[in-house]
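Some notes on the structure that comes next.
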Amino acid sequence: MEGEISDNFYHLPAAEVMKALCATPGGLSAHEAAIRLRASSSRSLKTASVSSSFELFLSQFKSPVTILLIIAAFLSILLRDISDAGIILFIILVSSLLSFWQERGATRAVKELLKIVQTRSVTLRDGKETEVPSEEIVPGDIILLRAGDIVPGDSLLLDSDGLYTDEAAFTGETFPVEKKAGIVPVDTLMSARTNTLLMGSHLMSGKGKALVVITGKDTQFGMISARLRSGPPETEFERGIQQLGYMLMEITMILVMIIFGINVLLHRPALDSLLFSLALAVGLTPQLLPAIISINLSAGAREMAKNKVIVKRLSAIENLGSMNMLCSDKTGTITTGKVTVKEALDIEGNHSEKALHYAWLNAILQRGYVNPIDQAIQTSYQGDVGDYIVQAEVSYDFFRKRLSIQVRHHGDNKVLIKGAFNAIIDVCSSVELPDGRIIDIGAKLGNIEERYRNLSSAGYRVLGLAWKNGTNDKDFTREDEKEMIFLGFIVLFDPLKPDVQKTIKTLQETGVQLKIITGDNSIIAVNLARQIGIEKPVVITGRQILEMSNNALLYQVQQADVFAEVAPNQKEKIVLFLKKSGNVVGFMGDGINDAPALHIADVGISVDTAVDVAKEAADIVLLNQSLDVLIKGIASGRKTFTNTMKYIFMATSANFGNMFSMAGASLLLPFLPLLPKQILLNNLLTDFPEMTIAGDKVDDLSVAQPHKWEIRFLRRFMIIFGLLSSVFDFITFGILLFILKADMITFRTCWFVESVMSATLIVLVMRTRLLFFRSLPGRGMLVATALVLSFVIILPYLPLAGYLGFARLEFRYYGWMWLIVACYVISGEVVKRWFFRKSINK
């Protein structure tokens, strides 16, 4: 086993730490890394998959009511009522196994999908650069990092170049922290350990090489996670489900206690009354709701994966269905994302080969941040870098918005710098004329700025380019970015995607408003907005946001179409204020500076080609950066939301009706209306078709607009349709007692059959706002419904009927039952149309 080393590795020489970890400058061998990975698996932050299935199975029995029912069943065994207890335990086991099987399948499907978008790290294995999943990094690995990468373990920095990290989660410091190789004193505070990279932090700029010392639960990140035990914030849907669950449990338990008390007062057997009350509680609570939600969400995730949308956090699907506001950068969504160099110009607007050459050198020699702009510049010029030596580099970051590189060529040292136009102008004191003369920039500043505005108005993205003579000093820093000579412009073009206007119109028709957030200047932003069909775009700049009060910003974010010249921290602020305005906000981003906004949005959306920190912060990852793909994902999210709500509608209304029916029957009848085992079997049979709801068809009407969780709407639905169900239960009681003169066993048999039939068929009505015959269910639900109906009709004639407490029924009973069920279904349609019409008009 490799050597051990303390948490205070930051005050030791790199060679000593490497020796303690049995590491080498060329990295570990693949064989040794595999051994260490197995040895450290118990300390991983990932949940162990070995025990997950067993834990999932046990979780099916964690309901207090179910536990009490099992205890009561064993108590009845002690009292020698073995057959009834055995049947009850068998029904509970079958129900739990069905739920477990569905949830396990859902969990496995999601794990497979998440493998597609896992973050990866570059490490040295067998002396070669190798890309591996970040969770496979082990102590002793040598990792290579660049801007956008997430640090996979607490590490000692061996080498760096302009490396700045974001450690806000550990230190509270919002500004990037500079990191350099070296040794710091043992008593140095965490925020001052400049030679240490912490797991979970990410590189804002630069590049570096580090030795991984600690991974998993033993890292600073792991220890903080263990103390806090806090998961991601609850979604609105999750909070609503929790509120609904509490409400139903309170009502159920109160009524169950009342029913138990009444039965005891009526001198019915105490054990039978207890089992009846507990079985009723199981039947009345929507115990399959967690499983149904998991099944629906995993089915939605699989369907979205077919549309190239990978869901990392299942609960985000519900928010995606509720989303009514989407914030996105223009690159790759509105435009093609394939940036090309239109031209390299001098200050007079003429082609400049020198400007193109300098820009190309800056782009091809930098190593800090891979980006589309540098890639476009690299392909625009054919040159040879063989004689150029990089002396120093100050990598691009989103605060300076420029990239500097000092090169040496045949004894000549030059500093080449490019970036956002204003960021370059700010560090220039001189300007180079087309004839090569260098003069003070003041004489030409007005002309330079006017040319910049004209190019921007034409829809081009314009970078500034500057240079100055360098020295032999290899420690060129950002403080040396001054007194530069402005050389010219790099004009970039990113064309609009084909049919983008149609795509945006489709997005708006689905109830989602698009807001563009860009770092480009307001002139480009206005031009872009007009190109995509916004005749009079409302544009707010980052400078205006700084000057606005919170109340003014709360109003203005609603009105704006485009946010331009936005700083990284302002993206997060825009999303936050849109949420405060009552919107469900999605944010689409792929860069380092997008991570805070991705995290705070209701739905964080990134792409598979994004930097690691953006993918890690996102809830949903697109395999294709396209609004068309996202529109399909939104439709899938709404379908999942709708199917989940179907079960809630059906379960709550039926449960509420059964509460009244059982309470009334207990008062009116001289015997228990149903035996405990019959109630549990009823619950199992009626839940069976509803477990297929994830594959049910969804009406176009249900995916046309965003959905929001409304507890008041659910409460009204539950009361109205619950009372309707209860009315027909009492009609059934009356017919059985006063017309058919049924005895106790016949009464129970008939009501059981009618109850299962009506509960199964009413699902076909409640699953859609349309007439049920105009919106047929999916094949799975139809088959399950037909099987349950067939089984319950022939159940009284099966050999096991006697064990369940049923008797054979005369055919006239079936005639009355079919009449009652038909009237119930028709009444359900009438009440449904009235209910939704009234709800829409409110």
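All residue names refer to the structure tokens as shown: chains lettered A, B, ... in order, residues numbered from 1 in each chain, ligands numbered from 1 in order.
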Using only C-alpha atoms, which residues sit within 12 Å of Ile417 in chain A once same-chain residues fewer than 3 positions away are excluded, as a ChimeraX atom specification? /A:355,358-363,365-366,392-396,400-407,414,420-421,423-425,427-428,463-470,478,480-490
Write down as a PyMOL selection string the residues belonging to range 245-360 of chain A that are assigned helix (DSSP H, G or I) by DSSP computed on the backbone. chain A and resi 245-265+270-284+289-306+316-322+353-360
Residues near Ser160 in chain A, anyone? I mean within 8 Å using only C-alpha atoms, not counting same-chain ones fewer than 6 positions away, as a PyMOL selection string. chain A and resi 179-181+206-209
Just to confirm, what's the straight-line distance from CA of Arg543 in chain A to CA of Asn527 in chain A in Å (one decimal)? 19.1 Å
Residue among A:Leu667, A:Val138, A:Leu158, A:Leu714 lying closest to Glu32 in chain A, counting only C-alpha atoms: A:Val138
Which of these residues is nearest to Asp743 in chain A, using only C-alpha atoms: A:Ile441, A:Ala567, A:Leu809, A:Met691? A:Leu809
Looking only at the backbone, which of the residues in range 587-744 of chain A does DSSP tag as strand (DSSP E or B), as a VMD selection string? chain A and resid 587 to 588 603 to 607 620 to 622
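The closest residue to Arg38 in chain A, picked from A:Asp520, A:Asp494, A:Glu135, A:Glu250 and counting only C-alpha atoms, is A:Glu135.
When the distance limit is 8 Å and only C-alpha atoms are what count, the residues near Ala614 in chain A, minus those fewer than 6 positions from it on the same chain, are Gly148, Gly589, Asp590, Gly591, Ile592, Asp594, Ala595, Leu598 and Ser606 of chain A.
Here the question is which of A:Ala552, A:Ala147, A:Val539, A:Met645 gets nearest to Phe717 in chain A using only C-alpha atoms, and that residue is A:Met645.
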Tell me, as a PyMOL selection string, which residues lie within 9 Å of Ile143 in chain A, counting only C-alpha atoms; anything in the same chain fewer than 5 positions away does not count. chain A and resi 27+121-124+129+137+151-152+155+208-212
Selected residues, all heavy atoms, written as a short mmCIF file (atom, residue, chain, number, x, y, z; two decimals), in the first residue's frame, please.
data_model
loop_
_atom_site.label_atom_id
_atom_site.label_comp_id
_atom_site.auth_asym_id
_atom_site.auth_seq_id
_atom_site.Cartn_x
_atom_site.Cartn_y
_atom_site.Cartn_z
N GLY A 27 3.81 10.09 -13.28
CA GLY A 27 2.49 9.61 -12.88
C GLY A 27 2.50 8.15 -12.47
O GLY A 27 3.53 7.48 -12.46
N SER A 121 -11.01 14.12 -15.96
CA SER A 121 -9.77 14.81 -15.62
C SER A 121 -8.63 14.23 -16.44
O SER A 121 -8.64 13.05 -16.79
CB SER A 121 -9.46 14.66 -14.13
OG SER A 121 -10.48 15.22 -13.34
N VAL A 122 -7.64 15.08 -16.73
CA VAL A 122 -6.45 14.64 -17.46
C VAL A 122 -5.35 14.34 -16.46
O VAL A 122 -5.00 15.19 -15.63
CB VAL A 122 -5.99 15.71 -18.46
CG1 VAL A 122 -4.70 15.24 -19.17
CG2 VAL A 122 -7.07 15.99 -19.50
N THR A 123 -4.84 13.13 -16.48
CA THR A 123 -3.79 12.72 -15.55
C THR A 123 -2.68 12.00 -16.32
O THR A 123 -2.88 11.57 -17.47
CB THR A 123 -4.36 11.80 -14.46
OG1 THR A 123 -3.33 11.47 -13.53
CG2 THR A 123 -4.93 10.50 -15.05
N LEU A 124 -1.54 11.88 -15.68
CA LEU A 124 -0.43 11.13 -16.28
C LEU A 124 -0.51 9.68 -15.81
O LEU A 124 -0.45 9.42 -14.61
CB LEU A 124 0.91 11.74 -15.88
CG LEU A 124 1.20 13.16 -16.38
CD1 LEU A 124 2.57 13.62 -15.86
CD2 LEU A 124 1.18 13.22 -17.90
N GLU A 129 -0.39 11.36 -21.10
CA GLU A 129 -1.60 12.08 -20.72
C GLU A 129 -2.82 11.21 -21.00
O GLU A 129 -3.01 10.74 -22.13
CB GLU A 129 -1.71 13.40 -21.49
CG GLU A 129 -0.66 14.42 -21.10
CD GLU A 129 -0.89 15.77 -21.76
OE1 GLU A 129 -2.01 16.00 -22.28
OE2 GLU A 129 0.04 16.61 -21.76
N ILE A 137 -9.77 9.39 -10.10
CA ILE A 137 -8.49 9.98 -9.70
C ILE A 137 -8.15 9.48 -8.29
O ILE A 137 -9.00 9.44 -7.41
CB ILE A 137 -8.58 11.52 -9.73
CG1 ILE A 137 -8.75 12.01 -11.18
CG2 ILE A 137 -7.35 12.15 -9.10
CD1 ILE A 137 -7.57 11.73 -12.08
N VAL A 151 -11.19 20.69 -9.84
CA VAL A 151 -10.10 19.96 -9.17
C VAL A 151 -10.69 18.69 -8.55
O VAL A 151 -11.63 18.76 -7.75
CB VAL A 151 -9.45 20.84 -8.08
CG1 VAL A 151 -8.33 20.08 -7.39
CG2 VAL A 151 -8.94 22.15 -8.69
N PRO A 152 -10.16 17.49 -8.90
CA PRO A 152 -10.76 16.23 -8.46
C PRO A 152 -10.32 15.75 -7.08
O PRO A 152 -10.82 14.75 -6.59
CB PRO A 152 -10.31 15.24 -9.54
CG PRO A 152 -8.99 15.77 -9.99
CD PRO A 152 -9.09 17.27 -9.90
N SER A 155 -4.90 18.85 -3.67
CA SER A 155 -3.67 18.61 -4.42
C SER A 155 -2.59 19.65 -4.08
O SER A 155 -2.89 20.78 -3.67
CB SER A 155 -3.94 18.66 -5.93
OG SER A 155 -5.01 17.80 -6.27
N GLY A 208 -2.05 24.45 -15.00
CA GLY A 208 -1.14 23.99 -13.98
C GLY A 208 -1.02 22.48 -13.93
O GLY A 208 -1.79 21.75 -14.55
N LYS A 209 0.00 22.02 -13.17
CA LYS A 209 0.21 20.60 -12.93
C LYS A 209 0.23 20.41 -11.41
O LYS A 209 0.83 21.20 -10.69
CB LYS A 209 1.54 20.14 -13.53
CG LYS A 209 1.84 18.65 -13.29
CD LYS A 209 3.28 18.33 -13.67
CE LYS A 209 3.48 18.38 -15.18
NZ LYS A 209 4.85 17.90 -15.55
N ALA A 210 -0.46 19.37 -10.93
CA ALA A 210 -0.56 19.18 -9.48
C ALA A 210 -0.49 17.71 -9.12
O ALA A 210 -0.83 16.83 -9.92
CB ALA A 210 -1.87 19.80 -8.97
N LEU A 211 -0.08 17.45 -7.89
CA LEU A 211 -0.03 16.11 -7.33
C LEU A 211 -1.25 15.92 -6.43
O LEU A 211 -1.42 16.65 -5.45
CB LEU A 211 1.26 15.92 -6.53
CG LEU A 211 1.36 14.64 -5.68
CD1 LEU A 211 1.41 13.40 -6.57
CD2 LEU A 211 2.58 14.72 -4.76
N VAL A 212 -2.08 14.95 -6.74
CA VAL A 212 -3.25 14.67 -5.91
C VAL A 212 -2.80 13.97 -4.63
O VAL A 212 -2.12 12.94 -4.68
CB VAL A 212 -4.27 13.78 -6.66
CG1 VAL A 212 -5.47 13.46 -5.76
CG2 VAL A 212 -4.75 14.49 -7.93
#
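Between CA of Val311 in chain A and CA of Val603 in chain A there is a distance of 10.5 Å.
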I'd like the contact shell of Val830 in chain A - 12 Å cut-off, only C-alpha atoms, skipping same-chain residues fewer than 6 positions apart - returned as JSON, numbers by chain. {"A": [721, 724, 765, 766, 769, 770, 771, 772, 823, 824, 836, 837]}
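Pairwise distance (CA of Phe811 in chain A, CA of Leu681 in chain A) equals 22.8 Å.
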Surrounding residues of Ser201 in chain A excluding itself and chain neighbours under 6 positions, 7 Å, only C-alpha atoms, as a PyMOL selection string: chain A and resi 150-151+165-167
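The closest residue to Phe493 in chain A, picked from A:Gly419, A:Pro796, A:Pro434, A:Gly337 and counting only C-alpha atoms, is A:Gly337.
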